[in-house]
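Peer 1: Take a look at the following structure, please.
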Amino acid sequence: MLQTTIHKTVRCTGIGLHSGKQVELVLRPAAEDTGVLFSLRSDSGSTFLSPAPSLVVETGLATVLGDGHQTVATVEHLLAAVSGMGIDNIHIEVTGRELPIMDGSAASFVYLLKQAGLRKLDKPRTVMTVKKPIEFEQDGKYIKARPYNGFRVDYTIEFAHPLIGTQRMELEITPKNFVTEIAKARTFGFLKEVDYLHANGLALGGSLDNAIVLDEYGVLNAEGLRFKDEFVRHKLLDFVGDMAVLGAPLHGHFEVFASGHAMNNAFLRHLDENKDIYLEPVTLPLPEAARVTSRTESLVPVAAV
Ligand SMILES: [Zn+2]
């Protein structure tokens with residue numbers, strides 16, 4: 001299987017969750033073996049940052065990557081879209097230290113990436129595969145991973161809220177399933193948390209336009225839910241984004257109970273720090289057709305919804 005990038009440069013603007021201000025995002029094609037590369041633009045020029053498990057410095061409001069000199073916030077839903085749609089190499093140019101929150105899902109990023117189109121490159125893709133079962137537990141929550149030929153996630157959440165309760169979804173993460181099953185699921189929060197954040201000058205961009213907000217009884221958003229189980233679908237989306245921080249596609253079967261960004265990252269760090277035990281890089285063989293396909297014929301559209 002060949003590595004991919006996007007076919008052309010695309011851009012969008014939106015509100016930053018932290019600042020409440022307009023921020024700009026530009027996605028550009030990148031060469032083989034670049035991976036995901038953030039380019040952080042400021043008045044003094046551009047600096048670069050590649051995601052890695054150890055660079056997740058905050059997970060409270062949104063996932064923040066940082067290397068001690070610079071940070072970029074709210075990366076999780078774009079990373080999920082890039083990884084979920086099977087894009088290996090991409091330049092992500094950010095102005096304003098955070099990505100736009102858009103509608104709180106990955107739908108806008110999927111739309112943008114479809115506009116850009118997908119292009120195959122000349123080198124084969126290397127995936128990190130789980131080679132030994134692992135059970136990672138914290139406070140009754142867990143992530144269990146085992147070898148599997150693909151990326152499959154079985155996620156269960158439990159919330160003491162009448163509208164959420166217990167929700168479970170198992171999904172093979174393919175570009176098609178990502179787009180149709182989880183990309184549109186929005187992040188969610190509780191009214192009392194939103195009030196607290198706003199009172200403390202946090203999440204200034206957070207609103208009913210970019211999150212499902214719940215009070216004790218139900219959803220405050222006038223349009224209601226996009227799926228009856230939108231909550232667990234969003235957790236799956238977050239899991240895809242959180243695993244993408246590894247910097248290479250991950251293969252395995254993951255059974256997840258009640259985890260969130262912080263625990264997902266703790267798990268990923270553990271895998272990464274013990275990769276000799278748990279992970280094996282596997283370079284996917286080129287299909288026969290790819291070996292004879294000329295470069296001009298290797299342009300393929302992104303999977304349609
Ligand atoms: Zn999320």
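Ordering of the structure tokens sets the chain letters (A, B, ...); residue numbers start at 1 within each chain; ligands are numbered from 1 in the order shown.
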Using only C-alpha atoms and all ligand atoms, what are the residues with an atom within 7 Å of ligand 1, set out as a tab-separated table (two decimals) with C-alpha atoms, in the first residue's frame?

Peer 2:
```
chain	number	residue	atom	x	y	z
A	76	GLU	CA	-7.57	16.30	17.79
A	77	HIS	CA	-10.37	16.48	15.24
A	104	GLY	CA	-17.04	20.55	17.13
A	105	SER	CA	-16.80	17.52	14.84
A	187	THR	CA	-18.03	17.04	21.01
A	234	HIS	CA	-17.55	11.35	19.09
A	235	LYS	CA	-15.49	9.35	21.58
A	237	LEU	CA	-13.53	10.08	16.66
A	238	ASP	CA	-11.41	11.40	19.53
```

Peer 1: Quick check for you: according to DSSP on this backbone, which residues of stretch 41-290 of chain A are classed as alpha helix (DSSP H)? Reply as number ranges by chain.

Peer 2: A: 76-84, 107-116, 175-177, 191-199, 230-244, 261-273, 275-278, 288-290

Peer 1: Could you give me, as a VMD selection string, the residues within 12 Å of A:Leu113, counting only C-alpha atoms and dropping anything in the same chain fewer than 6 positions from it?

Peer 2: chain A and resid 5 to 12 26 to 29 78 to 87 90 92 106 to 107 119 175 179 301 to 304

Peer 1: Can those selected residues be exported to a file as a compact mmCIF listing (two decimals), in the first residue's frame so that it contains N, CA and C atoms?

Peer 2:
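File out05.txt, as written:
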```
# COMPACT_ATOMS: atom_id res chain seq x y z
N THR A 5 -0.73 11.69 0.11
CA THR A 5 -0.79 13.08 0.57
C THR A 5 -2.04 13.69 -0.05
N ILE A 6 -2.24 14.98 0.16
CA ILE A 6 -3.39 15.61 -0.51
C ILE A 6 -2.93 16.13 -1.87
N HIS A 7 -3.88 16.33 -2.76
CA HIS A 7 -3.57 16.67 -4.14
C HIS A 7 -3.27 18.15 -4.32
N LYS A 8 -3.97 19.00 -3.56
CA LYS A 8 -3.75 20.45 -3.70
C LYS A 8 -3.95 21.15 -2.36
N THR A 9 -3.47 22.38 -2.30
CA THR A 9 -3.58 23.18 -1.08
C THR A 9 -5.01 23.67 -0.88
N VAL A 10 -5.49 23.58 0.36
CA VAL A 10 -6.82 24.07 0.70
C VAL A 10 -6.73 24.87 2.00
N ARG A 11 -7.68 25.74 2.22
CA ARG A 11 -7.63 26.57 3.44
C ARG A 11 -9.02 26.86 3.97
N CYS A 12 -9.06 27.19 5.26
CA CYS A 12 -10.33 27.64 5.84
C CYS A 12 -10.03 28.51 7.05
N VAL A 26 -4.29 26.24 6.85
CA VAL A 26 -3.97 25.93 5.46
C VAL A 26 -3.40 24.51 5.43
N LEU A 27 -3.92 23.67 4.54
CA LEU A 27 -3.42 22.30 4.40
C LEU A 27 -2.71 22.19 3.07
N ARG A 28 -1.45 21.71 3.12
CA ARG A 28 -0.66 21.61 1.88
C ARG A 28 -0.17 20.18 1.69
N PRO A 29 0.02 19.78 0.42
CA PRO A 29 0.61 18.46 0.16
C PRO A 29 2.01 18.37 0.76
N LEU A 78 -8.83 17.44 13.62
CA LEU A 78 -8.15 17.43 12.31
C LEU A 78 -7.23 16.22 12.19
N LEU A 79 -6.51 15.91 13.28
CA LEU A 79 -5.65 14.71 13.23
C LEU A 79 -6.50 13.46 12.99
N ALA A 80 -7.69 13.42 13.59
CA ALA A 80 -8.59 12.28 13.37
C ALA A 80 -8.97 12.20 11.90
N ALA A 81 -9.32 13.34 11.30
CA ALA A 81 -9.75 13.35 9.90
C ALA A 81 -8.60 12.92 8.98
N VAL A 82 -7.41 13.45 9.23
CA VAL A 82 -6.25 13.12 8.39
C VAL A 82 -5.96 11.62 8.49
N SER A 83 -5.91 11.11 9.71
CA SER A 83 -5.62 9.70 9.92
C SER A 83 -6.77 8.82 9.43
N GLY A 84 -8.00 9.21 9.78
CA GLY A 84 -9.17 8.41 9.42
C GLY A 84 -9.35 8.30 7.92
N MET A 85 -8.95 9.33 7.18
CA MET A 85 -9.10 9.31 5.74
C MET A 85 -7.87 8.73 5.03
N GLY A 86 -6.91 8.24 5.84
CA GLY A 86 -5.78 7.53 5.26
C GLY A 86 -4.73 8.43 4.61
N ILE A 87 -4.56 9.63 5.18
CA ILE A 87 -3.56 10.57 4.65
C ILE A 87 -2.29 10.47 5.50
N ILE A 90 1.22 15.43 5.30
CA ILE A 90 0.50 16.69 5.12
C ILE A 90 1.17 17.80 5.92
N ILE A 92 0.34 21.15 7.87
CA ILE A 92 -0.80 21.85 8.48
C ILE A 92 -0.29 23.20 8.97
N ALA A 106 -15.49 16.51 13.05
CA ALA A 106 -14.46 16.52 12.01
C ALA A 106 -15.07 16.75 10.62
N ALA A 107 -16.38 17.07 10.58
CA ALA A 107 -17.08 17.16 9.29
C ALA A 107 -16.46 18.21 8.36
N ARG A 119 -3.74 11.95 -3.10
CA ARG A 119 -2.77 11.55 -4.12
C ARG A 119 -1.85 10.49 -3.56
N PRO A 175 -11.39 4.62 5.73
CA PRO A 175 -11.78 5.97 5.31
C PRO A 175 -13.30 6.09 5.12
N VAL A 179 -15.77 8.52 7.56
CA VAL A 179 -16.56 9.62 7.02
C VAL A 179 -18.06 9.44 7.32
N PRO A 301 -9.69 9.76 -6.20
CA PRO A 301 -10.54 10.63 -5.37
C PRO A 301 -10.64 10.06 -3.97
N VAL A 302 -10.89 10.94 -3.01
CA VAL A 302 -11.15 10.48 -1.65
C VAL A 302 -12.49 9.74 -1.67
N ALA A 303 -12.58 8.69 -0.89
CA ALA A 303 -13.81 7.89 -0.84
C ALA A 303 -15.02 8.78 -0.62
N ALA A 304 -16.04 8.56 -1.40
CA ALA A 304 -17.26 9.37 -1.26
C ALA A 304 -18.05 8.91 -0.05
```

Peer 1: Which residue, A:Asp43, A:Glu255, A:Asp122, A:Glu137, has the smallest gap to A:Arg97 when you use only C-alpha atoms?

Peer 2: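 Distance minimum relative to A:Arg97 lands on A:Asp43.
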
Peer 1: Please provide as a PyMOL selection string all residues within 6 Å of A:Leu2, with the sequence filter that same-chain residues fewer than 6 positions apart are discarded (counting only C-alpha atoms).

Peer 2: chain A and resi 123-125

Peer 1: Quick one, how far is atom CA of A:Ile182 from atom CA of A:Met128?

Peer 2: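 A separation of 22.7 Å between them.
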
Peer 1: Mind giving me the straight-line distance from atom CA of A:Lys275 to atom CA of A:Glu32 in Å, one decimal?

Peer 2: 23.1 Å

Peer 1: Please list as a PDB file with C-alpha atoms, in the first residue's frame every residue within 9 Å of stretch 139-155 of chain A, counting only C-alpha atoms and excluding residues in the same chain fewer than 3 positions away.

Peer 2:
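Result written to part_37.pdb:
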```pdb
ATOM      1  CA  THR A 129       1.003  -2.980  14.545  1.00  0.00           C
ATOM      2  CA  VAL A 130       0.194  -4.176  18.035  1.00  0.00           C
ATOM      3  CA  LYS A 131       2.179  -7.406  18.350  1.00  0.00           C
ATOM      4  CA  LYS A 132       1.380  -8.364  21.962  1.00  0.00           C
ATOM      5  CA  PRO A 133      -1.872  -7.955  23.938  1.00  0.00           C
ATOM      6  CA  ILE A 134      -1.867  -5.173  26.493  1.00  0.00           C
ATOM      7  CA  GLU A 135      -4.384  -4.119  29.154  1.00  0.00           C
ATOM      8  CA  PHE A 136      -4.095  -0.559  30.382  1.00  0.00           C
ATOM      9  CA  GLN A 167     -23.490   3.588  24.661  1.00  0.00           C
ATOM     10  CA  ARG A 168     -21.308   1.159  22.770  1.00  0.00           C
ATOM     11  CA  MET A 169     -20.037   1.124  19.205  1.00  0.00           C
ATOM     12  CA  GLU A 170     -17.586  -1.138  17.422  1.00  0.00           C
ATOM     13  CA  LEU A 171     -16.139   0.099  14.157  1.00  0.00           C
ATOM     14  CA  GLU A 172     -13.475  -0.868  11.659  1.00  0.00           C
ATOM     15  CA  ILE A 173     -11.720   2.442  11.019  1.00  0.00           C
ATOM     16  CA  THR A 174     -11.567   2.688   7.230  1.00  0.00           C
ATOM     17  CA  VAL A 232     -19.995   7.423  21.738  1.00  0.00           C
ATOM     18  CA  ARG A 233     -19.412   8.202  18.070  1.00  0.00           C
ATOM     19  CA  LYS A 235     -15.488   9.352  21.579  1.00  0.00           C
ATOM     20  CA  LEU A 236     -14.490   7.040  18.726  1.00  0.00           C
ATOM     21  CA  PHE A 239      -9.738   8.004  19.918  1.00  0.00           C
ATOM     22  CA  VAL A 240      -8.732   7.994  16.238  1.00  0.00           C
ATOM     23  CA  PRO A 249      -0.858   4.505  11.276  1.00  0.00           C
ATOM     24  CA  LEU A 250      -1.689   2.111  14.125  1.00  0.00           C
ATOM     25  CA  HIS A 251      -3.080  -1.384  13.591  1.00  0.00           C
ATOM     26  CA  GLY A 252      -4.727  -3.397  16.329  1.00  0.00           C
ATOM     27  CA  HIS A 253      -8.047  -4.211  17.991  1.00  0.00           C
ATOM     28  CA  PHE A 254      -8.832  -1.768  20.783  1.00  0.00           C
ATOM     29  CA  GLU A 255     -11.489  -2.331  23.429  1.00  0.00           C
ATOM     30  CA  VAL A 256     -12.016   0.933  25.250  1.00  0.00           C
ATOM     31  CA  PHE A 257     -14.109   1.614  28.348  1.00  0.00           C
ATOM     32  CA  ALA A 258     -14.793   5.167  29.595  1.00  0.00           C
ATOM     33  CA  SER A 259     -11.471   6.583  28.406  1.00  0.00           C
ATOM     34  CA  MET A 263      -6.038   8.348  29.373  1.00  0.00           C
ATOM     35  CA  ASN A 264      -5.758   7.789  25.621  1.00  0.00           C
ATOM     36  CA  PHE A 267      -1.907   4.625  26.971  1.00  0.00           C
TER      37      PHE A 267
END
```

Peer 1: Using DSSP assignments from the backbone, pull out every residue in stretch 51-129 of chain A that falls under strand (DSSP E) and give it to me as a list of chain:residue names.

Peer 2: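 Residues meeting the strand (DSSP E) criterion: A:Val56, A:Val57, A:Glu58, A:Val64, A:Leu65, A:Gly66, A:Thr71, A:Val72, A:Ala73, A:Ile90, A:His91, A:Ile92, A:Glu93, A:Val94, A:Thr95, A:Leu118, A:Arg119, A:Lys120, A:Leu121, A:Asp122, A:Lys123, A:Pro124, A:Thr126, A:Val127, A:Met128, A:Thr129.
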
Peer 1: With a distance cut-off of 7 Å and only C-alpha atoms, select the neighbouring residues of stretch 210-222 of chain A, excluding the residue or stretch itself and same-chain residues fewer than 4 positions from it, and output the selection as a VMD selection string.

Peer 2: chain A and resid 101 to 104 162 to 163 186 to 191 206

Peer 1: Using C-alpha atoms, can you write the selected residues to a file as a PDB file, in the first residue's frame?

Peer 2:
```pdb
ATOM      1  CA  ILE A 101     -13.048  24.299  16.316  1.00  0.00           C
ATOM      2  CA  MET A 102     -15.511  24.466  13.364  1.00  0.00           C
ATOM      3  CA  ASP A 103     -18.720  22.684  14.440  1.00  0.00           C
ATOM      4  CA  GLY A 104     -17.041  20.552  17.134  1.00  0.00           C
ATOM      5  CA  PRO A 162     -30.711  10.204  31.000  1.00  0.00           C
ATOM      6  CA  LEU A 163     -29.816  11.030  27.408  1.00  0.00           C
ATOM      7  CA  ARG A 186     -19.820  16.573  17.742  1.00  0.00           C
ATOM      8  CA  THR A 187     -18.027  17.045  21.011  1.00  0.00           C
ATOM      9  CA  PHE A 188     -20.264  17.458  24.047  1.00  0.00           C
ATOM     10  CA  GLY A 189     -20.260  19.152  27.409  1.00  0.00           C
ATOM     11  CA  PHE A 190     -22.491  20.004  30.327  1.00  0.00           C
ATOM     12  CA  LEU A 191     -23.987  23.437  30.872  1.00  0.00           C
ATOM     13  CA  GLY A 206     -17.185  27.550  22.876  1.00  0.00           C
TER      14      GLY A 206
END
```
